[in-house]
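Dumped work28.cif below, it's mmCIF, N, CA and C atoms:
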data_entry
loop_
_atom_site.label_atom_id
_atom_site.label_comp_id
_atom_site.auth_asym_id
_atom_site.auth_seq_id
_atom_site.Cartn_x
_atom_site.Cartn_y
_atom_site.Cartn_z
N MET A 1 118.17 127.74 87.71
CA MET A 1 118.34 128.75 88.76
C MET A 1 119.03 129.97 88.17
N ASN A 2 118.46 131.14 88.42
CA ASN A 2 119.05 132.37 87.91
C ASN A 2 120.06 132.90 88.92
N LEU A 3 121.32 132.78 88.58
CA LEU A 3 122.37 133.20 89.52
C LEU A 3 122.46 134.71 89.63
N GLY A 4 121.85 135.42 88.70
CA GLY A 4 121.86 136.88 88.77
C GLY A 4 120.72 137.43 89.61
N ALA A 5 119.84 136.55 90.05
CA ALA A 5 118.69 137.02 90.84
C ALA A 5 119.15 137.58 92.17
N VAL A 6 118.41 138.59 92.61
CA VAL A 6 118.70 139.23 93.90
C VAL A 6 117.48 139.05 94.80
N TYR A 7 117.72 138.64 96.01
CA TYR A 7 116.63 138.42 96.96
C TYR A 7 116.77 139.36 98.15
N ALA A 8 115.62 139.73 98.70
CA ALA A 8 115.59 140.57 99.89
C ALA A 8 114.79 139.87 100.97
N LYS A 9 115.15 140.17 102.22
CA LYS A 9 114.40 139.59 103.33
C LYS A 9 113.06 140.28 103.49
N ASN A 10 112.09 139.50 103.89
CA ASN A 10 110.78 140.05 104.20
C ASN A 10 110.82 140.69 105.59
N PRO A 11 110.49 141.98 105.70
CA PRO A 11 110.55 142.63 107.03
C PRO A 11 109.54 142.07 108.02
N ASP A 12 108.64 141.22 107.55
CA ASP A 12 107.69 140.59 108.48
C ASP A 12 108.32 139.43 109.23
N TYR A 13 109.60 139.17 108.96
CA TYR A 13 110.33 138.16 109.73
C TYR A 13 111.44 138.85 110.51
N VAL A 14 111.61 138.43 111.74
CA VAL A 14 112.75 138.92 112.51
C VAL A 14 113.65 137.74 112.84
N GLN A 15 114.93 138.03 112.93
CA GLN A 15 115.91 136.99 113.24
C GLN A 15 116.36 137.14 114.69
N ARG A 16 116.40 136.04 115.39
CA ARG A 16 116.91 136.04 116.76
C ARG A 16 117.91 134.90 116.90
N ASP A 17 119.03 135.19 117.54
CA ASP A 17 120.01 134.14 117.80
C ASP A 17 119.84 133.68 119.24
N VAL A 18 119.40 132.46 119.40
CA VAL A 18 119.12 131.92 120.72
C VAL A 18 119.92 130.63 120.90
N ALA A 19 120.77 130.63 121.92
CA ALA A 19 121.56 129.43 122.23
C ALA A 19 122.30 128.91 121.00
N GLY A 20 122.85 129.82 120.23
CA GLY A 20 123.63 129.43 119.07
C GLY A 20 122.81 129.05 117.86
N GLU A 21 121.49 129.12 117.98
CA GLU A 21 120.63 128.80 116.85
C GLU A 21 120.10 130.09 116.23
N CYS A 22 120.00 130.10 114.91
CA CYS A 22 119.42 131.24 114.21
C CYS A 22 117.94 130.96 114.01
N ILE A 23 117.11 131.77 114.63
CA ILE A 23 115.66 131.54 114.59
C ILE A 23 114.98 132.66 113.82
N LEU A 24 114.11 132.29 112.90
CA LEU A 24 113.31 133.26 112.16
C LEU A 24 111.90 133.23 112.73
N VAL A 25 111.43 134.40 113.13
CA VAL A 25 110.11 134.50 113.75
C VAL A 25 109.22 135.39 112.89
N PRO A 26 108.13 134.85 112.37
CA PRO A 26 107.19 135.70 111.63
C PRO A 26 106.45 136.60 112.62
N ILE A 27 106.46 137.90 112.37
CA ILE A 27 105.82 138.81 113.32
C ILE A 27 104.42 139.19 112.88
N ARG A 28 104.02 138.78 111.71
CA ARG A 28 102.64 138.94 111.29
C ARG A 28 102.20 137.62 110.69
N ARG A 29 101.06 137.16 111.13
CA ARG A 29 100.59 135.87 110.64
C ARG A 29 99.21 136.04 110.04
N ASN A 30 98.96 135.33 108.97
CA ASN A 30 97.61 135.21 108.47
C ASN A 30 96.92 134.11 109.26
N LEU A 31 95.61 134.23 109.37
CA LEU A 31 94.88 133.23 110.12
C LEU A 31 95.03 131.85 109.49
N THR A 32 95.30 131.83 108.20
CA THR A 32 95.42 130.55 107.52
C THR A 32 96.77 129.91 107.76
N GLU A 33 97.72 130.68 108.30
CA GLU A 33 99.05 130.12 108.50
C GLU A 33 99.15 129.48 109.87
N SER A 34 99.91 128.42 109.94
CA SER A 34 100.08 127.76 111.22
C SER A 34 101.05 128.56 112.08
N ASN A 35 100.97 128.35 113.37
CA ASN A 35 101.89 129.02 114.28
C ASN A 35 103.21 128.28 114.28
N SER A 36 104.17 128.82 113.58
CA SER A 36 105.46 128.16 113.48
C SER A 36 106.57 129.19 113.53
N ILE A 37 107.72 128.76 114.01
CA ILE A 37 108.93 129.53 113.84
C ILE A 37 109.89 128.65 113.05
N TYR A 38 110.99 129.22 112.61
CA TYR A 38 111.88 128.49 111.72
C TYR A 38 113.31 128.60 112.22
N VAL A 39 114.04 127.51 112.10
CA VAL A 39 115.41 127.46 112.58
C VAL A 39 116.33 127.16 111.40
N LEU A 40 117.38 127.95 111.27
CA LEU A 40 118.38 127.73 110.23
C LEU A 40 119.62 127.10 110.85
N ASN A 41 120.20 126.13 110.15
CA ASN A 41 121.47 125.60 110.64
C ASN A 41 122.58 126.60 110.31
N GLU A 42 123.81 126.25 110.65
CA GLU A 42 124.90 127.23 110.56
C GLU A 42 125.07 127.81 109.16
N THR A 43 125.16 126.92 108.17
CA THR A 43 125.38 127.42 106.81
C THR A 43 124.14 128.16 106.29
N GLY A 44 122.98 127.68 106.69
CA GLY A 44 121.75 128.38 106.30
C GLY A 44 121.72 129.78 106.87
N ALA A 45 122.18 129.91 108.12
CA ALA A 45 122.19 131.23 108.76
C ALA A 45 123.18 132.17 108.07
N VAL A 46 124.31 131.62 107.64
CA VAL A 46 125.30 132.45 106.95
C VAL A 46 124.72 132.98 105.64
N LEU A 47 124.09 132.09 104.89
CA LEU A 47 123.50 132.52 103.61
C LEU A 47 122.36 133.51 103.84
N TRP A 48 121.53 133.23 104.84
CA TRP A 48 120.43 134.15 105.19
C TRP A 48 120.98 135.54 105.52
N GLY A 49 122.09 135.55 106.25
CA GLY A 49 122.68 136.82 106.65
C GLY A 49 123.19 137.64 105.48
N ARG A 50 123.46 136.97 104.37
CA ARG A 50 124.01 137.70 103.21
C ARG A 50 122.95 138.07 102.19
N ILE A 51 121.74 137.63 102.42
CA ILE A 51 120.64 138.06 101.56
C ILE A 51 120.25 139.47 102.01
N ASP A 52 120.57 140.45 101.18
CA ASP A 52 120.40 141.84 101.62
C ASP A 52 119.71 142.73 100.60
N GLY A 53 119.18 142.11 99.55
CA GLY A 53 118.48 142.92 98.56
C GLY A 53 119.38 143.60 97.56
N THR A 54 120.69 143.38 97.69
CA THR A 54 121.62 144.00 96.73
C THR A 54 122.54 142.96 96.09
N ARG A 55 122.90 141.93 96.84
CA ARG A 55 123.85 140.95 96.31
C ARG A 55 123.10 139.83 95.60
N SER A 56 123.64 139.44 94.46
CA SER A 56 123.01 138.37 93.69
C SER A 56 123.37 137.00 94.28
N VAL A 57 122.64 136.00 93.85
CA VAL A 57 122.93 134.63 94.25
C VAL A 57 124.37 134.28 93.90
N GLN A 58 124.80 134.71 92.72
CA GLN A 58 126.17 134.43 92.27
C GLN A 58 127.19 135.06 93.22
N THR A 59 126.98 136.31 93.57
CA THR A 59 127.92 137.02 94.45
C THR A 59 127.99 136.36 95.82
N ILE A 60 126.83 136.04 96.36
CA ILE A 60 126.79 135.39 97.68
C ILE A 60 127.49 134.04 97.62
N SER A 61 127.25 133.31 96.54
CA SER A 61 127.86 131.98 96.39
C SER A 61 129.38 132.09 96.28
N ASP A 62 129.84 133.06 95.50
CA ASP A 62 131.29 133.23 95.31
C ASP A 62 131.99 133.53 96.63
N GLU A 63 131.34 134.36 97.44
CA GLU A 63 131.92 134.69 98.75
C GLU A 63 131.92 133.46 99.65
N PHE A 64 130.82 132.72 99.59
CA PHE A 64 130.65 131.58 100.48
C PHE A 64 131.69 130.49 100.23
N VAL A 65 131.95 130.19 98.96
CA VAL A 65 132.87 129.09 98.65
C VAL A 65 134.31 129.44 99.01
N GLN A 66 134.58 130.72 99.24
CA GLN A 66 135.91 131.09 99.70
C GLN A 66 136.12 130.70 101.16
N GLU A 67 135.01 130.53 101.87
CA GLU A 67 135.09 130.27 103.31
C GLU A 67 134.77 128.83 103.69
N TYR A 68 133.96 128.17 102.87
CA TYR A 68 133.51 126.82 103.22
C TYR A 68 134.01 125.81 102.19
N ASP A 69 134.21 124.60 102.66
CA ASP A 69 134.75 123.53 101.84
C ASP A 69 133.65 122.90 101.00
N VAL A 70 133.29 123.58 99.93
CA VAL A 70 132.23 123.10 99.05
C VAL A 70 132.50 123.63 97.65
N THR A 71 132.11 122.84 96.66
CA THR A 71 132.26 123.31 95.29
C THR A 71 131.14 124.30 94.98
N VAL A 72 131.39 125.18 94.04
CA VAL A 72 130.38 126.17 93.70
C VAL A 72 129.15 125.50 93.09
N GLU A 73 129.37 124.40 92.38
CA GLU A 73 128.23 123.69 91.78
C GLU A 73 127.32 123.11 92.87
N GLN A 74 127.95 122.49 93.87
CA GLN A 74 127.16 121.92 94.97
C GLN A 74 126.42 123.02 95.73
N LEU A 75 127.13 124.13 95.95
CA LEU A 75 126.51 125.23 96.69
C LEU A 75 125.32 125.80 95.93
N HIS A 76 125.47 125.96 94.63
CA HIS A 76 124.36 126.49 93.85
C HIS A 76 123.12 125.62 94.01
N GLN A 77 123.33 124.32 93.99
CA GLN A 77 122.20 123.40 94.13
C GLN A 77 121.56 123.53 95.51
N ASP A 78 122.41 123.56 96.54
CA ASP A 78 121.90 123.63 97.90
C ASP A 78 121.28 124.99 98.21
N PHE A 79 121.90 126.04 97.70
CA PHE A 79 121.38 127.40 97.91
C PHE A 79 120.01 127.53 97.24
N HIS A 80 119.90 126.94 96.08
CA HIS A 80 118.63 126.97 95.36
C HIS A 80 117.53 126.30 96.20
N THR A 81 117.85 125.17 96.79
CA THR A 81 116.88 124.46 97.64
C THR A 81 116.49 125.32 98.84
N LEU A 82 117.48 125.97 99.44
CA LEU A 82 117.20 126.83 100.59
C LEU A 82 116.31 128.01 100.18
N LEU A 83 116.60 128.59 99.04
CA LEU A 83 115.80 129.73 98.58
C LEU A 83 114.35 129.32 98.32
N ILE A 84 114.16 128.13 97.80
CA ILE A 84 112.79 127.64 97.58
C ILE A 84 112.06 127.54 98.91
N ASP A 85 112.77 127.02 99.92
CA ASP A 85 112.16 126.92 101.25
C ASP A 85 111.82 128.30 101.80
N LEU A 86 112.75 129.24 101.66
CA LEU A 86 112.53 130.59 102.19
C LEU A 86 111.41 131.30 101.43
N LEU A 87 111.35 131.06 100.13
CA LEU A 87 110.26 131.66 99.34
C LEU A 87 108.91 131.07 99.74
N SER A 88 108.91 129.79 100.06
CA SER A 88 107.64 129.12 100.37
C SER A 88 107.02 129.65 101.65
N ILE A 89 107.85 130.17 102.55
CA ILE A 89 107.30 130.74 103.80
C ILE A 89 107.29 132.27 103.73
N HIS A 90 107.59 132.81 102.55
CA HIS A 90 107.58 134.26 102.32
C HIS A 90 108.59 134.99 103.20
N ALA A 91 109.70 134.33 103.49
CA ALA A 91 110.75 134.98 104.28
C ALA A 91 111.64 135.85 103.41
N VAL A 92 111.67 135.55 102.12
CA VAL A 92 112.43 136.36 101.16
C VAL A 92 111.56 136.59 99.93
N ASN A 93 111.93 137.59 99.18
CA ASN A 93 111.28 137.78 97.88
C ASN A 93 112.32 138.26 96.88
N GLU A 94 112.07 137.93 95.63
CA GLU A 94 113.01 138.30 94.58
C GLU A 94 112.78 139.75 94.21
N VAL A 95 113.86 140.54 94.21
CA VAL A 95 113.69 141.96 93.94
C VAL A 95 114.04 142.34 92.51
N THR A 96 114.96 141.64 91.90
CA THR A 96 115.27 141.90 90.50
C THR A 96 115.66 140.60 89.84
N VAL A 97 115.47 140.55 88.55
CA VAL A 97 115.91 139.40 87.79
C VAL A 97 116.74 139.91 86.63
N THR A 98 117.97 139.45 86.55
CA THR A 98 118.82 139.86 85.45
C THR A 98 119.14 138.64 84.60
N ASP A 99 119.66 138.88 83.44
CA ASP A 99 119.95 137.79 82.53
C ASP A 99 121.31 137.18 82.82
N GLY A 100 121.44 136.57 83.97
CA GLY A 100 122.69 135.92 84.32
C GLY A 100 122.69 134.50 83.83
N PRO A 101 123.81 133.80 84.04
CA PRO A 101 123.87 132.39 83.64
C PRO A 101 122.92 131.58 84.49
N THR A 102 122.40 130.55 83.93
CA THR A 102 121.49 129.69 84.68
C THR A 102 122.21 128.42 85.08
N GLY A 103 121.73 127.82 86.18
CA GLY A 103 122.39 126.63 86.65
C GLY A 103 121.42 125.59 87.09
N THR B 1 143.99 130.41 104.21
CA THR B 1 143.09 130.12 105.32
C THR B 1 142.37 128.80 105.08
N GLU B 2 142.36 127.96 106.11
CA GLU B 2 141.66 126.69 105.98
C GLU B 2 140.16 126.93 105.94
N LYS B 3 139.50 126.22 105.03
CA LYS B 3 138.06 126.42 104.88
C LYS B 3 137.30 125.67 105.96
N LYS B 4 136.15 126.22 106.30
CA LYS B 4 135.30 125.61 107.32
C LYS B 4 134.58 124.40 106.72
N PRO B 5 134.29 123.40 107.55
CA PRO B 5 133.53 122.25 107.04
C PRO B 5 132.14 122.68 106.60
N TYR B 6 131.69 122.06 105.53
CA TYR B 6 130.42 122.46 104.93
C TYR B 6 129.32 121.46 105.27
N SER B 7 128.16 121.98 105.55
CA SER B 7 126.97 121.14 105.65
C SER B 7 125.87 121.82 104.86
N MET B 8 124.99 121.03 104.31
CA MET B 8 123.92 121.58 103.48
C MET B 8 123.07 122.56 104.27
N PRO B 9 122.88 123.77 103.75
CA PRO B 9 122.03 124.74 104.46
C PRO B 9 120.60 124.24 104.55
N GLN B 10 120.03 124.32 105.74
CA GLN B 10 118.69 123.78 105.93
C GLN B 10 117.83 124.71 106.77
N LEU B 11 116.54 124.67 106.48
CA LEU B 11 115.55 125.44 107.22
C LEU B 11 114.59 124.45 107.87
N PHE B 12 114.47 124.54 109.18
CA PHE B 12 113.58 123.64 109.91
C PHE B 12 112.39 124.42 110.44
N ARG B 13 111.24 123.80 110.40
CA ARG B 13 110.05 124.43 110.96
C ARG B 13 109.78 123.87 112.34
N VAL B 14 109.46 124.76 113.27
CA VAL B 14 109.11 124.34 114.63
C VAL B 14 107.67 124.73 114.88
N ASP B 15 106.83 123.73 115.10
CA ASP B 15 105.41 123.98 115.31
C ASP B 15 105.18 124.49 116.72
N LEU B 16 104.47 125.60 116.83
CA LEU B 16 104.27 126.22 118.14
C LEU B 16 102.86 126.05 118.66
#
Target encoding structure tokens, full file:
Amino acid sequence: MNLGAVYAKNPDYVQRDVAGECILVPIRRNLTESNSIYVLNETGAVLWGRIDGTRSVQTISDEFVQEYDVTVEQLHQDFHTLLIDLLSIHAVNEVTVTDGPTG
Amino acid sequence: TEKKPYSMPQLFRVDL
């Protein structure tokens, strides 16, 4: 995992907070895609909220571990899994890749 | 400041 990578949200997704849940709604669909919306749990929503096209995975992780009871190693692993999920539905895309440490 | 309890970030799909 490239901790120096920076991700940006896809503008084709909108976020709505409904009944305490963070919901991602694709506003443009290809005919080949199924009709689905996506729900993030609390920590997923926090990480999603910090993906802004400027902050790296490392920066977001460093901020996150100051607030949540998790080791940075565990967070890197979990954040990586979340990013794979978000990339698979095209909710985020990588905007730059720098030569940061890998994990 | 006491840290918040952590749970693994997850993305769920809801079929519509």
Subject >> Residues of chain A within 6.5 Å of chain B, counting only N, CA and C atoms, as an NGL selection string >> reply: :A and (35-45 or 66-70 or 78 or 82)
**OP:** Name the residues in contact with Gly53 of chain A at a cut-off of 8 Å, using only C-alpha atoms, excluding same-chain residues fewer than 5 positions from it; report them as a PyMOL selection string.
**Re:** chain A and resi 6-9+95
Original post:
Out of chain A, which residues get helix (DSSP H, G or I) from DSSP, as a VMD selection string?
Top reply: chain A and resid 42 to 50 57 to 67 72 to 88
Original post:
atom C of Val57 of chain A and atom N of Val25 of chain A are how many Å apart?
Top reply: 23.2 Å
**OP:** Would you please extract all strand (DSSP E or B) residues from chain A, as assigned by DSSP on the backbone, and give them as a PyMOL selection string?
**Re:** chain A and resi 2+6-9+13-18+21-26+36-40+56+68+92-96+102
**OP:** Might you pull out every residue within 12 Å of Gln77 of chain A, with only C-alpha atoms counted and same-chain residues fewer than 6 positions away left off, and present them as JSON, numbers by chain?
**Re:** {"A": [1, 2, 3, 57, 58, 61, 70, 71, 83, 84, 102, 103], "B": [8, 9]}
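What separates atom C of Pro11 of chain A from atom N of Val46 of chain A is a distance of 18.1 Å.
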**OP:** Name the residues in contact with Arg55 of chain A at a cut-off of 7 Å, using all atoms listed in the file, excluding same-chain residues fewer than 3 positions from it; report them as a ChimeraX atom specification.
**Re:** /A:4-7,50-52,58-60
Original post:
What does the distance from atom CA of Gln15 of chain A to atom C of Thr54 of chain A come to in Å, to one decimal?
Top reply: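 Answer for the atom CA of Gln15 of chain A to atom C of Thr54 of chain A separation: 19.3 Å.
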To box segment 2-16 of chain B, take all atoms listed in the file, fit an axis-aligned box, add 5 Å on each side, and give centre and edge lengths in Å to one decimal, as AutoDock Vina command-line options.
--center_x 122.6 --center_y 124.5 --center_z 111.1 --size_x 49.5 --size_y 16.9 --size_z 25.2
